[in-house]
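Here the structure comes first, spelled out in structure tokens, and everything after it is commentary.
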Amino acid sequence: MPGHPRPTISWKGLLILAGAAWGCGGADDQSAPASSFLLTDVRIVDGTGAAAYQGAVRVHDGSIIETGDLSPRESEAVVDGAGLVLAPGFIDTHSHHDGGLADLRDATGAVSQGITTIVAGQDGSSPHPLGEFFTRLRGTPAAVNVASYVGHGSLREAVMGEDFRRLATDEEVDSMVTLLEAAMEDGALGLSTGLEYDPGIYSDTEEVLRLARVAARHGGRYISHMRSEDRALDEAIEELIRIGREADIPVQISHLKLAMKSLWGQADRIVDRLDRARAEGVDVTADVYPYEYWQSTMTVLFPARDFTDREAAAFALRDLAPPEGILFGRFSPEPSYVGKTLSEIAQLRGTDPVTTYLDLIAEVYPPSGPAGSESIIATSMDTDDVARLLRWEHANVASDGSLAGRHPRGFGSFTRVLRWLVREEGTLSLEEAVHKMTQISARHVGITDRGVIAPGMAADLVLFDPAVVTDRATPQEPNLVSEGIRGVWVNGVRVWTGTAPTGSFPGLVLPRGP
């Protein structure tokens, strides 16, 4: 980034490949960069949590073939790492970066923070049929690798259509099973649910269990945006643990959080419950993003789905997210509200916040006629809780972000952890943080050939300066790229120069592994 000189290629690399291994020029250069080179003078943080060591990494045809004290071979392209940290490419286990990927193939929001693999199909929503999505990606690859869950909500929608505000019949669940079987055979990682969202909110545990058992039979996993992250958090966790136990399947909590004031300070209690479940044989894990504010719909604050309930709205604005802490990221009936808080909009309209909130929902979801679109960013969590959950041994870092969203997590989650918890707070070592972004992440979603710098692993790599690496994205400017990420390689091909994408698209579809 400006003000920080990036590493240069050695004279040998320049003479042999004219810089191809380092980046193939700028973002407009479409020539295919070399995927065989030696990356020298790097501080290797290998992803396992082991202490960093100085050395070099040899890459050939997209794979790591050697690490350690290595010397260049004759006519080998050499990239000088200038003593910076080299880590495995970060794996975003809960990502919405696939949205718009067809148009934003360079995936700037992801690669600029060191992400090389995104895991899609989150919150119960996935492309349908999933196999067709994978086929399109193979034909027109992106800069990043893509793996995906199959969404329970998408299965429900395909089977039940608009008649989803009820329990599914046995026959309808049978139809969902058939679709799930096909998606698993196409390489889905497992089943995802969004039980706080339509249409998944109308399902019961038995429906989810039937589907989870199918995913388990295929060696898949279960990931869930649980039924509640606030009022009924404990009950939601118990449901997830039950699914893990009875379906005999690994279960991951999506974006684990304590999103209600009365829950603040109870992170240790939640971690203790999860540890007890693990001791009982349930493979429960979690992903966490490093922000005190979430992004979702206005309706998510109404679990009973009664959008005329003033008492429920008042509770939400008092105990979950204050009006001054709710920022509008999208509001189709009145686009000028984007970037304003609920408190500011209430002042503009001359109505109290509760009335304003209910009126805004009614405007975007009218009783008759098509629904509009809306999204809010709401401050609901405590910083200490977020940090404690991130430090849990079985938590990995994720973004929950998108390529052009209003929440800064889409551009800054991983670099924020490196700045905040590693460099500023010192509550995570560099090796621990990288471990939570790489090897643990790979294990939690079942990816077997990435997440560690070792011979035989895919050459997904990120080179960064730990002294300056930082997030820059904010709610006001959510698409600012991070600083300090000097280079990113996906399958041995450079996709980020340190200031811009290279215009290369080496990403692969990653089907479920063994």
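As shown in the structure tokens, the chain order sets the letters A, B, ...; within each chain, residues go from 1, and ligands are also counted from 1 in the order they appear.
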Contact residues around region 356-369 of chain A with only C-alpha atoms at 7 Å, ignoring same-chain residues under 4 positions, as a CSV table (one decimal) with N, CA and C atoms, in the first residue's frame:
```
chain,number,residue,atom,x,y,z
A,298,MET,N,-34.4,-5.9,8.8
A,298,MET,CA,-35.2,-5.3,9.9
A,298,MET,C,-36.1,-6.4,10.5
A,307,PHE,N,-45.2,-7.9,12.7
A,307,PHE,CA,-44.5,-6.6,12.4
A,307,PHE,C,-45.4,-5.4,12.8
A,308,THR,N,-46.5,-5.7,13.6
A,308,THR,CA,-47.3,-4.7,14.1
A,308,THR,C,-47.1,-4.6,15.7
A,333,PRO,N,-37.6,1.8,-0.6
A,333,PRO,CA,-38.6,2.8,-0.8
A,333,PRO,C,-38.1,4.2,-0.7
A,346,ALA,N,-36.0,8.8,12.4
A,346,ALA,CA,-37.1,9.1,13.2
A,346,ALA,C,-37.3,10.6,13.4
A,351,THR,N,-41.4,11.1,14.1
A,351,THR,CA,-42.1,10.0,14.8
A,351,THR,C,-41.1,9.4,15.8
A,352,ASP,N,-41.6,8.7,16.8
A,352,ASP,CA,-40.7,8.1,17.7
A,352,ASP,C,-40.1,6.9,17.1
A,373,SER,N,-36.6,-4.0,-0.8
A,373,SER,CA,-35.4,-4.6,-0.2
A,373,SER,C,-34.9,-3.6,0.9
```
Review point. Using only C-alpha atoms, which residues sit within 6 Å of Pro88 (chain A) once same-chain residues fewer than 3 positions away are excluded, as a list in words?
Key: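 Here the answer would be Gly451, Val452, Ile453, Asp460 and Leu461 of chain A.
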C-alpha atoms of the current selection, written as a CSV table (one decimal), in the first residue's frame:
```csv
chain,number,residue,atom,x,y,z
A,451,GLY,CA,-4.7,-24.3,5.4
A,452,VAL,CA,-1.1,-25.3,6.1
A,453,ILE,CA,2.2,-24.5,4.4
A,460,ASP,CA,-2.7,-20.7,-1.5
A,461,LEU,CA,-0.5,-18.1,0.2
```
Point to revise | Nearest-residue call for Asp170 (chain A), choices A:Pro129, A:Glu207, A:Glu424, A:Gly484, using only C-alpha atoms | key: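 Looking at the shortest contact to Asp170 (chain A), the residue is A:Glu207.
Considering only region 297-346 of chain A, backbone DSSP assigns alpha helix (DSSP H) to Arg310, Glu311, Ala312, Ala313, Ala314, Phe315, Leu342, Ser343, Glu344, Ile345 and Ala346 of chain A.
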Exercise for review: Kindly indicate which residue among A:Leu167, A:Glu162, A:Thr470, A:Gly446 lies nearest to Pro250 (chain A), using only C-alpha atoms for the distances.
Suggested key: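 Selected residue with least distance to Pro250 (chain A): A:Gly446.
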Exercise for review: Please provide the set of residues having any atom within 12 Å of Trp420 (chain A), restricted to only C-alpha atoms, with same-chain residues fewer than 2 positions apart removed, written as a PyMOL selection string.
Suggested key: chain A and resi 290-291+383-384+386-387+390+412-418+422-430+433+466-471
Review point. With distances taken over only C-alpha atoms, which of A:Asp234, A:Glu311, A:Asp382, A:Asp198 is nearest to Leu274 (chain A)?
Key: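 Among the listed residues, A:Asp234 lies closest to Leu274 (chain A).
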Practice item. Name the residues in contact with region 259-269 of chain A at a cut-off of 12 Å, using only C-alpha atoms, excluding same-chain residues fewer than 6 positions from it; report them as a ChimeraX atom specification. Key: /A:228-234,275-276,291-295,301,315-322,378-392
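Minimum atom-to-atom distances from A:Asp61, A:Glu246, A:Asp46, A:Asp309 to Pro506 (chain A) were compared using only C-alpha atoms, and the lowest value belongs to A:Asp61.
Among the candidate residues A:Ser126, A:Glu238, A:Thr299, A:Lys257, the one lying nearest to Arg273 (chain A) is A:Glu238, with distances computed using only C-alpha atoms.
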Review point. Excluding same-chain residues fewer than 4 positions from Asp287 (chain A), what lies within 8 Å of it counting only C-alpha atoms, as an MDAnalysis selection string?
Key: chainID A and resid 93:94 252:256 390 395:398
Please write the residues from the selection above to a file, keeping C-alpha atoms, as a PDB file, in the first residue's frame.
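Contents of again.pdb, as written:
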```pdb
ATOM      1  CA  THR A  93     -15.747 -20.398   6.457  1.00  0.00           C
ATOM      2  CA  HIS A  94     -18.814 -18.143   6.542  1.00  0.00           C
ATOM      3  CA  GLN A 252     -20.663 -25.315  13.489  1.00  0.00           C
ATOM      4  CA  ILE A 253     -22.299 -22.183  14.907  1.00  0.00           C
ATOM      5  CA  SER A 254     -22.315 -19.400  12.361  1.00  0.00           C
ATOM      6  CA  HIS A 255     -21.074 -15.995  13.572  1.00  0.00           C
ATOM      7  CA  LEU A 256     -21.342 -16.872  17.267  1.00  0.00           C
ATOM      8  CA  LEU A 390     -12.600 -15.411  19.063  1.00  0.00           C
ATOM      9  CA  ALA A 395     -13.436 -20.869  17.044  1.00  0.00           C
ATOM     10  CA  ASN A 396     -12.159 -19.754  13.661  1.00  0.00           C
ATOM     11  CA  VAL A 397     -12.188 -16.320  12.062  1.00  0.00           C
ATOM     12  CA  ALA A 398     -14.780 -15.658   9.340  1.00  0.00           C
TER      13      ALA A 398
END
```
Practice item. Would you list the contacts of region 152-154 of chain A as a ChimeraX atom specification, taking every protein, DNA or RNA residue within 10 Å and counting only C-alpha atoms, but skipping same-chain residues closer than 4 positions in sequence? Key: /A:121-129,158-161,164,176,179-180,191-195,197-203,207-208,211-212,224
Take the residues from that selection and put them in a file with N, CA and C atoms, as a compact mmCIF listing (two decimals), in the first residue's frame.
```
# COMPACT_ATOMS: atom_id res chain seq x y z
N GLY A 121 -23.08 -20.69 0.46
CA GLY A 121 -24.24 -21.48 0.84
C GLY A 121 -24.62 -21.31 2.30
N GLN A 122 -24.51 -20.10 2.81
CA GLN A 122 -24.66 -19.85 4.24
C GLN A 122 -26.09 -19.45 4.63
N ASP A 123 -26.37 -19.58 5.93
CA ASP A 123 -27.63 -19.11 6.51
C ASP A 123 -28.85 -19.77 5.88
N GLY A 124 -28.66 -21.00 5.39
CA GLY A 124 -29.77 -21.72 4.79
C GLY A 124 -30.07 -21.37 3.36
N SER A 125 -29.21 -20.56 2.74
CA SER A 125 -29.46 -20.12 1.36
C SER A 125 -28.27 -20.48 0.48
N SER A 126 -28.56 -21.18 -0.61
CA SER A 126 -27.50 -21.57 -1.54
C SER A 126 -28.04 -21.54 -2.96
N PRO A 127 -27.16 -21.44 -3.95
CA PRO A 127 -27.63 -21.54 -5.34
C PRO A 127 -28.32 -22.89 -5.56
N HIS A 128 -29.34 -22.89 -6.38
CA HIS A 128 -30.08 -24.12 -6.63
C HIS A 128 -30.37 -24.25 -8.12
N PRO A 129 -30.02 -25.36 -8.71
CA PRO A 129 -29.29 -26.50 -8.14
C PRO A 129 -27.81 -26.15 -7.94
N ALA A 158 -37.61 -24.55 -2.77
CA ALA A 158 -37.79 -25.33 -4.00
C ALA A 158 -38.98 -26.28 -3.89
N VAL A 159 -39.21 -26.80 -2.70
CA VAL A 159 -40.28 -27.79 -2.50
C VAL A 159 -41.60 -27.14 -2.15
N MET A 160 -41.57 -26.12 -1.29
CA MET A 160 -42.81 -25.57 -0.73
C MET A 160 -43.24 -24.26 -1.38
N GLY A 161 -42.36 -23.64 -2.16
CA GLY A 161 -42.71 -22.38 -2.80
C GLY A 161 -43.08 -21.32 -1.77
N PHE A 164 -44.70 -21.65 2.74
CA PHE A 164 -43.66 -22.15 3.64
C PHE A 164 -43.92 -21.79 5.10
N MET A 176 -37.25 -32.75 -0.13
CA MET A 176 -36.02 -32.03 0.25
C MET A 176 -34.84 -32.99 0.35
N LEU A 179 -33.43 -33.66 -3.09
CA LEU A 179 -32.61 -32.54 -3.58
C LEU A 179 -31.29 -32.46 -2.83
N LEU A 180 -31.33 -32.71 -1.52
CA LEU A 180 -30.11 -32.68 -0.73
C LEU A 180 -29.14 -33.78 -1.16
N LEU A 191 -24.92 -29.39 5.06
CA LEU A 191 -26.20 -28.67 5.16
C LEU A 191 -26.02 -27.40 5.98
N SER A 192 -26.56 -26.29 5.48
CA SER A 192 -26.60 -25.05 6.26
C SER A 192 -28.04 -24.69 6.55
N THR A 193 -28.25 -24.08 7.73
CA THR A 193 -29.59 -23.60 8.06
C THR A 193 -29.53 -22.13 8.47
N GLY A 194 -30.65 -21.45 8.23
CA GLY A 194 -30.85 -20.09 8.71
C GLY A 194 -32.16 -20.07 9.47
N LEU A 195 -32.13 -20.55 10.70
CA LEU A 195 -33.36 -20.80 11.44
C LEU A 195 -33.96 -19.55 12.07
N TYR A 197 -34.44 -17.00 9.94
CA TYR A 197 -34.91 -16.37 8.71
C TYR A 197 -36.03 -17.18 8.08
N ASP A 198 -36.84 -16.49 7.25
CA ASP A 198 -37.76 -17.21 6.38
C ASP A 198 -36.93 -17.90 5.28
N PRO A 199 -37.28 -19.13 4.89
CA PRO A 199 -38.40 -19.94 5.37
C PRO A 199 -38.02 -20.91 6.49
N GLY A 200 -36.72 -20.93 6.87
CA GLY A 200 -36.27 -21.92 7.84
C GLY A 200 -36.88 -21.76 9.21
N ILE A 201 -37.29 -20.54 9.57
CA ILE A 201 -37.84 -20.29 10.90
C ILE A 201 -39.10 -21.11 11.16
N TYR A 202 -39.78 -21.53 10.09
CA TYR A 202 -41.04 -22.26 10.25
C TYR A 202 -40.82 -23.78 10.34
N SER A 203 -39.59 -24.23 10.26
CA SER A 203 -39.31 -25.66 10.38
C SER A 203 -39.19 -26.04 11.85
N GLU A 207 -37.50 -31.83 11.31
CA GLU A 207 -37.24 -31.63 9.88
C GLU A 207 -35.75 -31.45 9.62
N VAL A 208 -35.12 -30.61 10.43
CA VAL A 208 -33.70 -30.36 10.25
C VAL A 208 -32.88 -31.62 10.52
N LEU A 211 -32.74 -34.03 7.59
CA LEU A 211 -31.82 -33.58 6.55
C LEU A 211 -30.37 -33.69 7.02
N ALA A 212 -30.12 -33.38 8.28
CA ALA A 212 -28.76 -33.46 8.80
C ALA A 212 -28.25 -34.90 8.73
N SER A 224 -24.92 -23.60 11.07
CA SER A 224 -26.22 -23.00 11.33
C SER A 224 -26.14 -21.57 11.83
```
Check your understanding: DSSP says strand (DSSP E) for which residues of region 265-508 of chain A? Put them as a PyMOL selection string?
Key -> chain A and resi 284-288+293-296+326-331+374-379+395-397+461-464+485-490+493-496
Would you give me, as a tab-separated table, each residue of region 408-485 of chain A having an atom within 10 Å of an atom of region 73-83 of chain A, along with its shortest atom pair and that distance in Å to one decimal, using only C-alpha atoms and sorting by chain and residue number?
```
residue	atom	partner	partner_atom	distance
A:Leu463	CA	A:Gly81	CA	7.5
A:Phe464	CA	A:Gly81	CA	9.2
A:Asp465	CA	A:Gly83	CA	8.8
```
Point to revise | Atomic distance CA of Asn145 (chain A) - CA of Val509 (chain A), expressed in Å with one decimal | key: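 Separating CA of Asn145 (chain A) from CA of Val509 (chain A) is a distance of 5.8 Å.
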Check your understanding: Contacts of Phe411 (chain A) at 8 Å or less, counting only C-alpha atoms, minus same-chain residues fewer than 3 places along, as a PyMOL selection string?
Key -> chain A and resi 109-110+112-113+401-403+408+471+473+478-482
Would you write out those residues with C-alpha atoms, as a CSV table (one decimal), in the first residue's frame?
```csv
chain,number,residue,atom,x,y,z
A,109,GLY,CA,-12.9,-7.5,-0.9
A,110,ALA,CA,-11.7,-11.0,-0.2
A,112,SER,CA,-7.2,-7.8,-0.3
A,113,GLN,CA,-7.5,-9.1,3.2
A,401,GLY,CA,-19.0,-10.5,4.4
A,402,SER,CA,-19.8,-9.6,0.8
A,403,LEU,CA,-18.0,-8.1,-2.1
A,408,PRO,CA,-17.0,-3.4,6.7
A,471,ASP,CA,-8.3,-3.0,8.2
A,473,ALA,CA,-13.1,-0.4,6.0
A,478,PRO,CA,-17.2,-0.2,3.9
A,479,ASN,CA,-15.2,-1.0,0.7
A,480,LEU,CA,-11.8,0.3,1.6
A,481,VAL,CA,-9.1,-2.3,1.1
A,482,SER,CA,-6.8,-3.3,3.9
```
Check your understanding: What does the distance between CA of Phe331 (chain A) and CA of Tyr149 (chain A) come to in Å, to one decimal place?
Key -> 28.8 Å
Exercise for review: Compare A:Asp163, A:Leu155, A:Ser343, A:Val288 by their minimum atom-to-atom distance to Ser175 (chain A), counting only C-alpha atoms, and give me the closest one.
Suggested key: A:Leu155
